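Data block for query_17.txt (compact mmCIF, N, CA and C atoms):
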```
# COMPACT_ATOMS: atom_id res chain seq x y z
N MET J 1 210.51 50.00 85.78
CA MET J 1 209.93 49.83 87.10
C MET J 1 208.69 48.94 86.99
N THR J 2 208.53 48.06 87.91
CA THR J 2 207.38 47.17 87.91
C THR J 2 206.31 47.68 88.87
N LEU J 3 205.20 47.00 88.89
CA LEU J 3 204.09 47.35 89.77
C LEU J 3 204.18 46.51 91.03
N LYS J 4 204.15 47.18 92.17
CA LYS J 4 204.15 46.50 93.46
C LYS J 4 202.78 46.69 94.10
N LEU J 5 202.20 45.59 94.58
CA LEU J 5 200.87 45.63 95.19
C LEU J 5 200.95 45.15 96.63
N GLU J 6 200.30 45.88 97.51
CA GLU J 6 200.25 45.50 98.92
C GLU J 6 198.82 45.67 99.41
N SER J 7 198.25 44.61 99.93
CA SER J 7 196.85 44.67 100.37
C SER J 7 196.75 44.67 101.89
N GLN J 8 195.61 45.20 102.33
CA GLN J 8 195.32 45.28 103.75
C GLN J 8 193.81 45.07 103.92
N LEU J 9 193.44 44.09 104.72
CA LEU J 9 192.02 43.84 104.97
C LEU J 9 191.57 44.60 106.20
N GLN J 10 190.46 45.31 106.07
CA GLN J 10 189.84 45.97 107.19
C GLN J 10 188.48 45.32 107.43
N ARG J 11 187.79 45.76 108.43
CA ARG J 11 186.52 45.13 108.79
C ARG J 11 185.53 45.11 107.63
N ASP J 12 185.36 46.26 106.98
CA ASP J 12 184.31 46.37 105.96
C ASP J 12 184.83 46.51 104.54
N ARG J 13 186.16 46.58 104.36
CA ARG J 13 186.70 46.77 103.02
C ARG J 13 188.13 46.26 102.95
N ALA J 14 188.60 46.16 101.73
CA ALA J 14 189.99 45.82 101.49
C ALA J 14 190.67 47.03 100.86
N LEU J 15 191.90 47.27 101.23
CA LEU J 15 192.70 48.35 100.65
C LEU J 15 193.81 47.72 99.84
N LEU J 16 194.06 48.27 98.66
CA LEU J 16 195.16 47.81 97.84
C LEU J 16 196.01 49.02 97.48
N PHE J 17 197.27 49.00 97.91
CA PHE J 17 198.21 50.08 97.64
C PHE J 17 199.06 49.69 96.44
N CYS J 18 199.16 50.58 95.47
CA CYS J 18 199.93 50.33 94.24
C CYS J 18 201.12 51.26 94.19
N THR J 19 202.28 50.71 93.83
CA THR J 19 203.50 51.49 93.69
C THR J 19 204.18 51.09 92.38
N GLY J 20 204.64 52.07 91.63
CA GLY J 20 205.37 51.80 90.40
C GLY J 20 204.65 52.34 89.18
N GLU J 21 204.66 51.54 88.12
CA GLU J 21 204.05 51.94 86.86
C GLU J 21 202.88 51.01 86.53
N LEU J 22 201.78 51.62 86.11
CA LEU J 22 200.60 50.84 85.74
C LEU J 22 200.47 50.88 84.22
N VAL J 23 200.90 49.81 83.61
CA VAL J 23 200.85 49.67 82.16
C VAL J 23 200.16 48.35 81.84
N GLY J 24 199.84 48.13 80.59
CA GLY J 24 199.20 46.88 80.20
C GLY J 24 200.14 45.70 80.39
N GLY J 25 199.67 44.53 80.06
CA GLY J 25 200.52 43.35 80.13
C GLY J 25 200.51 42.70 81.50
N GLU J 26 201.68 42.28 81.94
CA GLU J 26 201.80 41.53 83.19
C GLU J 26 201.36 42.34 84.40
N GLU J 27 201.69 43.63 84.43
CA GLU J 27 201.29 44.48 85.55
C GLU J 27 199.77 44.57 85.64
N ALA J 28 199.12 44.75 84.51
CA ALA J 28 197.65 44.84 84.49
C ALA J 28 197.03 43.52 84.94
N ALA J 29 197.59 42.41 84.50
CA ALA J 29 197.07 41.09 84.90
C ALA J 29 197.24 40.89 86.40
N ASP J 30 198.39 41.30 86.94
CA ASP J 30 198.61 41.17 88.39
C ASP J 30 197.60 42.00 89.17
N LEU J 31 197.32 43.21 88.69
CA LEU J 31 196.35 44.07 89.37
C LEU J 31 194.95 43.46 89.29
N ARG J 32 194.55 42.97 88.12
CA ARG J 32 193.24 42.32 87.98
C ARG J 32 193.11 41.13 88.92
N ASN J 33 194.14 40.31 88.98
CA ASN J 33 194.10 39.13 89.86
C ASN J 33 193.99 39.52 91.33
N ALA J 34 194.73 40.56 91.73
CA ALA J 34 194.68 41.01 93.12
C ALA J 34 193.30 41.55 93.47
N ILE J 35 192.72 42.35 92.59
CA ILE J 35 191.38 42.91 92.85
C ILE J 35 190.34 41.80 92.89
N THR J 36 190.41 40.86 91.97
CA THR J 36 189.46 39.74 91.95
C THR J 36 189.53 38.95 93.25
N ARG J 37 190.76 38.69 93.72
CA ARG J 37 190.95 37.96 94.98
C ARG J 37 190.36 38.74 96.16
N LEU J 38 190.61 40.05 96.20
CA LEU J 38 190.11 40.87 97.30
C LEU J 38 188.58 40.97 97.28
N LEU J 39 187.99 41.01 96.08
CA LEU J 39 186.53 41.07 95.98
C LEU J 39 185.87 39.80 96.50
N ARG J 40 186.59 38.70 96.51
CA ARG J 40 186.05 37.46 97.09
C ARG J 40 186.01 37.54 98.62
N GLU J 41 186.90 38.38 99.19
CA GLU J 41 187.00 38.49 100.64
C GLU J 41 186.19 39.65 101.21
N ARG J 42 186.10 40.73 100.45
CA ARG J 42 185.34 41.92 100.86
C ARG J 42 184.61 42.46 99.64
N SER J 43 183.40 42.94 99.85
CA SER J 43 182.63 43.46 98.71
C SER J 43 183.07 44.86 98.31
N GLN J 44 183.78 45.56 99.19
CA GLN J 44 184.26 46.91 98.88
C GLN J 44 185.79 46.91 98.87
N VAL J 45 186.34 47.41 97.77
CA VAL J 45 187.79 47.51 97.63
C VAL J 45 188.15 48.97 97.35
N THR J 46 189.16 49.46 98.04
CA THR J 46 189.70 50.80 97.79
C THR J 46 191.08 50.62 97.18
N LEU J 47 191.29 51.23 96.04
CA LEU J 47 192.56 51.15 95.32
C LEU J 47 193.28 52.49 95.46
N ASP J 48 194.41 52.48 96.19
CA ASP J 48 195.19 53.70 96.41
C ASP J 48 196.29 53.78 95.36
N LEU J 49 196.20 54.80 94.51
CA LEU J 49 197.14 54.96 93.41
C LEU J 49 198.19 56.03 93.68
N SER J 50 198.38 56.40 94.94
CA SER J 50 199.33 57.47 95.27
C SER J 50 200.76 57.12 94.92
N GLY J 51 201.09 55.83 94.84
CA GLY J 51 202.45 55.42 94.52
C GLY J 51 202.70 55.19 93.04
N ILE J 52 201.70 55.47 92.22
CA ILE J 52 201.85 55.25 90.77
C ILE J 52 202.59 56.43 90.15
N ALA J 53 203.73 56.13 89.54
CA ALA J 53 204.54 57.17 88.92
C ALA J 53 204.17 57.39 87.45
N TYR J 54 203.58 56.38 86.82
CA TYR J 54 203.27 56.47 85.40
C TYR J 54 202.12 55.52 85.09
N ILE J 55 201.23 55.97 84.23
CA ILE J 55 200.13 55.12 83.77
C ILE J 55 199.95 55.37 82.27
N ASN J 56 199.79 54.30 81.51
CA ASN J 56 199.55 54.46 80.07
C ASN J 56 198.11 54.07 79.76
N SER J 57 197.77 54.04 78.48
CA SER J 57 196.39 53.74 78.10
C SER J 57 195.98 52.33 78.51
N GLY J 58 196.93 51.39 78.50
CA GLY J 58 196.62 50.03 78.95
C GLY J 58 196.28 50.00 80.43
N GLY J 59 197.00 50.78 81.22
CA GLY J 59 196.72 50.86 82.65
C GLY J 59 195.39 51.52 82.92
N LEU J 60 195.10 52.59 82.18
CA LEU J 60 193.82 53.27 82.34
C LEU J 60 192.66 52.35 81.95
N SER J 61 192.84 51.60 80.89
CA SER J 61 191.83 50.63 80.46
C SER J 61 191.60 49.57 81.54
N THR J 62 192.67 49.16 82.19
CA THR J 62 192.55 48.19 83.28
C THR J 62 191.70 48.74 84.42
N LEU J 63 191.91 50.00 84.78
CA LEU J 63 191.13 50.62 85.85
C LEU J 63 189.65 50.65 85.50
N VAL J 64 189.34 50.98 84.26
CA VAL J 64 187.94 51.00 83.81
C VAL J 64 187.34 49.60 83.89
N GLY J 65 188.09 48.61 83.42
CA GLY J 65 187.63 47.24 83.46
C GLY J 65 187.41 46.72 84.87
N LEU J 66 188.26 47.15 85.81
CA LEU J 66 188.12 46.71 87.20
C LEU J 66 186.83 47.24 87.83
N TYR J 67 186.44 48.44 87.44
CA TYR J 67 185.18 49.00 87.93
C TYR J 67 184.02 48.10 87.50
N SER J 68 184.04 47.69 86.25
CA SER J 68 183.00 46.81 85.72
C SER J 68 183.03 45.45 86.41
N THR J 69 184.21 44.92 86.63
CA THR J 69 184.37 43.63 87.31
C THR J 69 183.78 43.68 88.71
N ALA J 70 184.07 44.75 89.43
CA ALA J 70 183.55 44.89 90.79
C ALA J 70 182.03 44.96 90.80
N ARG J 71 181.46 45.76 89.91
CA ARG J 71 179.99 45.90 89.84
C ARG J 71 179.32 44.58 89.47
N THR J 72 179.91 43.86 88.52
CA THR J 72 179.34 42.58 88.08
C THR J 72 179.32 41.56 89.22
N SER J 73 180.34 41.62 90.07
CA SER J 73 180.42 40.66 91.18
C SER J 73 179.61 41.10 92.39
N GLY J 74 178.89 42.22 92.28
CA GLY J 74 178.07 42.70 93.38
C GLY J 74 178.84 43.55 94.37
N GLY J 75 180.06 43.93 94.03
CA GLY J 75 180.88 44.74 94.91
C GLY J 75 181.07 46.13 94.37
N SER J 76 182.03 46.82 94.96
CA SER J 76 182.35 48.17 94.49
C SER J 76 183.85 48.40 94.64
N ILE J 77 184.35 49.30 93.82
CA ILE J 77 185.75 49.67 93.89
C ILE J 77 185.82 51.19 93.92
N LYS J 78 186.68 51.70 94.78
CA LYS J 78 186.85 53.14 94.92
C LYS J 78 188.32 53.44 94.63
N TYR J 79 188.56 54.43 93.78
CA TYR J 79 189.91 54.84 93.43
C TYR J 79 190.26 56.10 94.22
N ILE J 80 191.40 56.08 94.89
CA ILE J 80 191.83 57.28 95.61
C ILE J 80 193.24 57.67 95.16
N ASN J 81 193.55 58.94 95.30
CA ASN J 81 194.85 59.49 94.93
C ASN J 81 195.16 59.25 93.45
N LEU J 82 194.28 59.76 92.59
CA LEU J 82 194.38 59.55 91.14
C LEU J 82 195.21 60.60 90.43
N THR J 83 196.13 61.23 91.06
CA THR J 83 196.86 62.35 90.47
C THR J 83 197.49 62.00 89.13
N VAL J 84 198.25 60.93 89.05
CA VAL J 84 198.93 60.56 87.81
C VAL J 84 197.92 60.18 86.74
N ALA J 85 196.93 59.39 87.11
CA ALA J 85 195.92 58.96 86.14
C ALA J 85 195.15 60.15 85.61
N THR J 86 194.81 61.10 86.46
CA THR J 86 194.09 62.28 86.02
C THR J 86 194.94 63.12 85.08
N ASP J 87 196.21 63.31 85.42
CA ASP J 87 197.10 64.08 84.55
C ASP J 87 197.23 63.41 83.19
N PHE J 88 197.36 62.08 83.18
CA PHE J 88 197.48 61.35 81.92
C PHE J 88 196.23 61.55 81.07
N SER J 89 195.07 61.39 81.67
CA SER J 89 193.81 61.51 80.93
C SER J 89 193.64 62.91 80.36
N ARG J 90 194.00 63.90 81.13
CA ARG J 90 193.85 65.28 80.66
C ARG J 90 194.80 65.53 79.48
N ARG J 91 196.00 65.00 79.52
CA ARG J 91 196.93 65.19 78.40
C ARG J 91 196.45 64.44 77.17
N GLN J 92 195.97 63.23 77.35
CA GLN J 92 195.55 62.41 76.21
C GLN J 92 194.31 63.00 75.53
N THR J 93 193.42 63.60 76.32
CA THR J 93 192.21 64.17 75.76
C THR J 93 192.38 65.65 75.41
N LYS J 94 193.59 66.16 75.61
CA LYS J 94 193.93 67.55 75.31
C LYS J 94 193.12 68.54 76.16
N LEU J 95 192.75 68.12 77.38
CA LEU J 95 192.04 69.01 78.29
C LEU J 95 192.98 69.79 79.18
N ALA J 96 194.26 69.42 79.16
CA ALA J 96 195.24 70.14 79.98
C ALA J 96 195.52 71.51 79.36
N ALA J 97 195.77 72.47 80.22
CA ALA J 97 196.04 73.84 79.73
C ALA J 97 197.41 73.93 79.09
```
Could you write out this structure as structure tokens?
Amino acid sequence: MTLKLESQLQRDRALLFCTGELVGGEEAADLRNAITRLLRERSQVTLDLSGIAYINSGGLSTLVGLYSTARTSGGSIKYINLTVATDFSRRQTKLAA
């Protein structure tokens, strides 16, 4: 499964909806490019991860890097619906019960 991105511009922010799998490589590059483009149009970007079925360490690393990219450019990024990412992190760090 690939990563599908759909953006929506609002008055004060941009929304980016992600569907599929967030892994390193081409999917991560597509996400970085989309966020960079949106940050040029709006200083605040909200990334909705409700459609993400799977995320690996490369995808998680991309999310961390995007936060830094947004801050460096004078903007901000907000992550919503992090269920899969949170579950992955808890399993990887052995914090899951």
* Residues flagged helix (DSSP H, G or I) by DSSP in chain J, as a PyMOL selection string -> chain J and resi 26-41+57-72+83-92
* For atom N of Lys4 of chain J and atom CA of Leu63 of chain J, quote the distance in Å rounded to one decimal. =>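 Computed distance, atom N of Lys4 of chain J to atom CA of Leu63 of chain J, equals 14.9 Å.
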Show which residues sit within 7 Å of Gly20 of chain J, as a tab-separated table (two decimals) with N, CA and C atoms, in the coordinates of the input. Count all atoms listed in the file, and ignore same-chain residues fewer than 5 positions away.
```
chain	number	residue	atom	x	y	z
J	1	MET	N	210.51	50.00	85.78
J	1	MET	CA	209.93	49.83	87.10
J	1	MET	C	208.69	48.94	86.99
J	2	THR	N	208.53	48.06	87.91
J	2	THR	CA	207.38	47.17	87.91
J	2	THR	C	206.31	47.68	88.87
J	3	LEU	N	205.20	47.00	88.89
J	3	LEU	CA	204.09	47.35	89.77
J	3	LEU	C	204.18	46.51	91.03
J	4	LYS	N	204.15	47.18	92.17
J	4	LYS	CA	204.15	46.50	93.46
J	4	LYS	C	202.78	46.69	94.10
J	51	GLY	N	201.09	55.83	94.84
J	51	GLY	CA	202.45	55.42	94.52
J	51	GLY	C	202.70	55.19	93.04
J	52	ILE	N	201.70	55.47	92.22
J	52	ILE	CA	201.85	55.25	90.77
J	52	ILE	C	202.59	56.43	90.15
J	53	ALA	N	203.73	56.13	89.54
J	53	ALA	CA	204.54	57.17	88.92
J	53	ALA	C	204.17	57.39	87.45
J	54	TYR	N	203.58	56.38	86.82
J	54	TYR	CA	203.27	56.47	85.40
J	54	TYR	C	202.12	55.52	85.09
```
* Asked: Using all atoms listed in the file, which residues sit within 6 Å of segment 36-49 of chain J once same-chain residues fewer than 2 positions away are excluded, as a PyMOL selection string?
  -> chain J and resi 12-18+31-34+51-52+74-82
* Asked: Any idea what the distance is between atom N of Gly58 of chain J and atom CA of Leu5 of chain J?
  -> 18.1 Å
* Which distance in Å separates atom CA of Gly25 of chain J and atom N of Gly59 of chain J, to one decimal? ->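 Computing it gives 8.3 Å between the two atoms.
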Assuming 3 Å of padding per side, give the centre and edge lengths of the axis-aligned box around every listed atom of segment 14-21 of chain J, in Å to one decimal and as JSON.
```
{"center_x": 197.0, "center_y": 49.1, "center_z": 94.1, "size_x": 22.8, "size_y": 12.5, "size_z": 21.2}
```
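Between Thr62 of chain J and the candidates J:Ala29, J:Ser50, J:Glu6, J:Arg11, the tightest atom-to-atom separation, counting only N, CA and C atoms, involves J:Ala29.
Closest approach to Glu21 of chain J from the set J:Ala70, J:Ile35, J:Gln8, J:Asn56 is made by J:Asn56, with distances taken over only C-alpha atoms.
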* To do: Using DSSP on the backbone coordinates, identify the residues of chain J assigned to strand (DSSP E); present them as a PyMOL selection string.
  => chain J and resi 4-9+14-22+44-55+76-80
Would you write out those residues with N, CA and C atoms, as a JSON list (two decimals), in the coordinates of the input?
```
[["chain", "number", "residue", "atom", "x", "y", "z"],
["J", 4, "LYS", "N", 204.15, 47.18, 92.17],
["J", 4, "LYS", "CA", 204.15, 46.50, 93.46],
["J", 4, "LYS", "C", 202.78, 46.69, 94.10],
["J", 5, "LEU", "N", 202.20, 45.59, 94.58],
["J", 5, "LEU", "CA", 200.87, 45.63, 95.19],
["J", 5, "LEU", "C", 200.95, 45.15, 96.63],
["J", 6, "GLU", "N", 200.30, 45.88, 97.51],
["J", 6, "GLU", "CA", 200.25, 45.50, 98.92],
["J", 6, "GLU", "C", 198.82, 45.67, 99.41],
["J", 7, "SER", "N", 198.25, 44.61, 99.93],
["J", 7, "SER", "CA", 196.85, 44.67, 100.37],
["J", 7, "SER", "C", 196.75, 44.67, 101.89],
["J", 8, "GLN", "N", 195.61, 45.20, 102.33],
["J", 8, "GLN", "CA", 195.32, 45.28, 103.75],
["J", 8, "GLN", "C", 193.81, 45.07, 103.92],
["J", 9, "LEU", "N", 193.44, 44.09, 104.72],
["J", 9, "LEU", "CA", 192.02, 43.84, 104.97],
["J", 9, "LEU", "C", 191.57, 44.60, 106.20],
["J", 14, "ALA", "N", 188.60, 46.16, 101.73],
["J", 14, "ALA", "CA", 189.99, 45.82, 101.49],
["J", 14, "ALA", "C", 190.67, 47.03, 100.86],
["J", 15, "LEU", "N", 191.90, 47.27, 101.23],
["J", 15, "LEU", "CA", 192.70, 48.35, 100.65],
["J", 15, "LEU", "C", 193.81, 47.72, 99.84],
["J", 16, "LEU", "N", 194.06, 48.27, 98.66],
["J", 16, "LEU", "CA", 195.16, 47.81, 97.84],
["J", 16, "LEU", "C", 196.01, 49.02, 97.48],
["J", 17, "PHE", "N", 197.27, 49.00, 97.91],
["J", 17, "PHE", "CA", 198.21, 50.08, 97.64],
["J", 17, "PHE", "C", 199.06, 49.69, 96.44],
["J", 18, "CYS", "N", 199.16, 50.58, 95.47],
["J", 18, "CYS", "CA", 199.93, 50.33, 94.24],
["J", 18, "CYS", "C", 201.12, 51.26, 94.19],
["J", 19, "THR", "N", 202.28, 50.71, 93.83],
["J", 19, "THR", "CA", 203.50, 51.49, 93.69],
["J", 19, "THR", "C", 204.18, 51.09, 92.38],
["J", 20, "GLY", "N", 204.64, 52.07, 91.63],
["J", 20, "GLY", "CA", 205.37, 51.80, 90.40],
["J", 20, "GLY", "C", 204.65, 52.34, 89.18],
["J", 21, "GLU", "N", 204.66, 51.54, 88.12],
["J", 21, "GLU", "CA", 204.05, 51.94, 86.86],
["J", 21, "GLU", "C", 202.88, 51.01, 86.53],
["J", 22, "LEU", "N", 201.78, 51.62, 86.11],
["J", 22, "LEU", "CA", 200.60, 50.84, 85.74],
["J", 22, "LEU", "C", 200.47, 50.88, 84.22],
["J", 44, "GLN", "N", 183.78, 45.56, 99.19],
["J", 44, "GLN", "CA", 184.26, 46.91, 98.88],
["J", 44, "GLN", "C", 185.79, 46.91, 98.87],
["J", 45, "VAL", "N", 186.34, 47.41, 97.77],
["J", 45, "VAL", "CA", 187.79, 47.51, 97.63],
["J", 45, "VAL", "C", 188.15, 48.97, 97.35],
["J", 46, "THR", "N", 189.16, 49.46, 98.04],
["J", 46, "THR", "CA", 189.70, 50.80, 97.79],
["J", 46, "THR", "C", 191.08, 50.62, 97.18],
["J", 47, "LEU", "N", 191.29, 51.23, 96.04],
["J", 47, "LEU", "CA", 192.56, 51.15, 95.32],
["J", 47, "LEU", "C", 193.28, 52.49, 95.46],
["J", 48, "ASP", "N", 194.41, 52.48, 96.19],
["J", 48, "ASP", "CA", 195.19, 53.70, 96.41],
["J", 48, "ASP", "C", 196.29, 53.78, 95.36],
["J", 49, "LEU", "N", 196.20, 54.80, 94.51],
["J", 49, "LEU", "CA", 197.14, 54.96, 93.41],
["J", 49, "LEU", "C", 198.19, 56.03, 93.68],
["J", 50, "SER", "N", 198.38, 56.40, 94.94],
["J", 50, "SER", "CA", 199.33, 57.47, 95.27],
["J", 50, "SER", "C", 200.76, 57.12, 94.92],
["J", 51, "GLY", "N", 201.09, 55.83, 94.84],
["J", 51, "GLY", "CA", 202.45, 55.42, 94.52],
["J", 51, "GLY", "C", 202.70, 55.19, 93.04],
["J", 52, "ILE", "N", 201.70, 55.47, 92.22],
["J", 52, "ILE", "CA", 201.85, 55.25, 90.77],
["J", 52, "ILE", "C", 202.59, 56.43, 90.15],
["J", 53, "ALA", "N", 203.73, 56.13, 89.54],
["J", 53, "ALA", "CA", 204.54, 57.17, 88.92],
["J", 53, "ALA", "C", 204.17, 57.39, 87.45],
["J", 54, "TYR", "N", 203.58, 56.38, 86.82],
["J", 54, "TYR", "CA", 203.27, 56.47, 85.40],
["J", 54, "TYR", "C", 202.12, 55.52, 85.09],
["J", 55, "ILE", "N", 201.23, 55.97, 84.23],
["J", 55, "ILE", "CA", 200.13, 55.12, 83.77],
["J", 55, "ILE", "C", 199.95, 55.37, 82.27],
["J", 76, "SER", "N", 182.03, 46.82, 94.96],
["J", 76, "SER", "CA", 182.35, 48.17, 94.49],
["J", 76, "SER", "C", 183.85, 48.40, 94.64],
["J", 77, "ILE", "N", 184.35, 49.30, 93.82],
["J", 77, "ILE", "CA", 185.75, 49.67, 93.89],
["J", 77, "ILE", "C", 185.82, 51.19, 93.92],
["J", 78, "LYS", "N", 186.68, 51.70, 94.78],
["J", 78, "LYS", "CA", 186.85, 53.14, 94.92],
["J", 78, "LYS", "C", 188.32, 53.44, 94.63],
["J", 79, "TYR", "N", 188.56, 54.43, 93.78],
["J", 79, "TYR", "CA", 189.91, 54.84, 93.43],
["J", 79, "TYR", "C", 190.26, 56.10, 94.22],
["J", 80, "ILE", "N", 191.40, 56.08, 94.89],
["J", 80, "ILE", "CA", 191.83, 57.28, 95.61],
["J", 80, "ILE", "C", 193.24, 57.67, 95.16]]
```
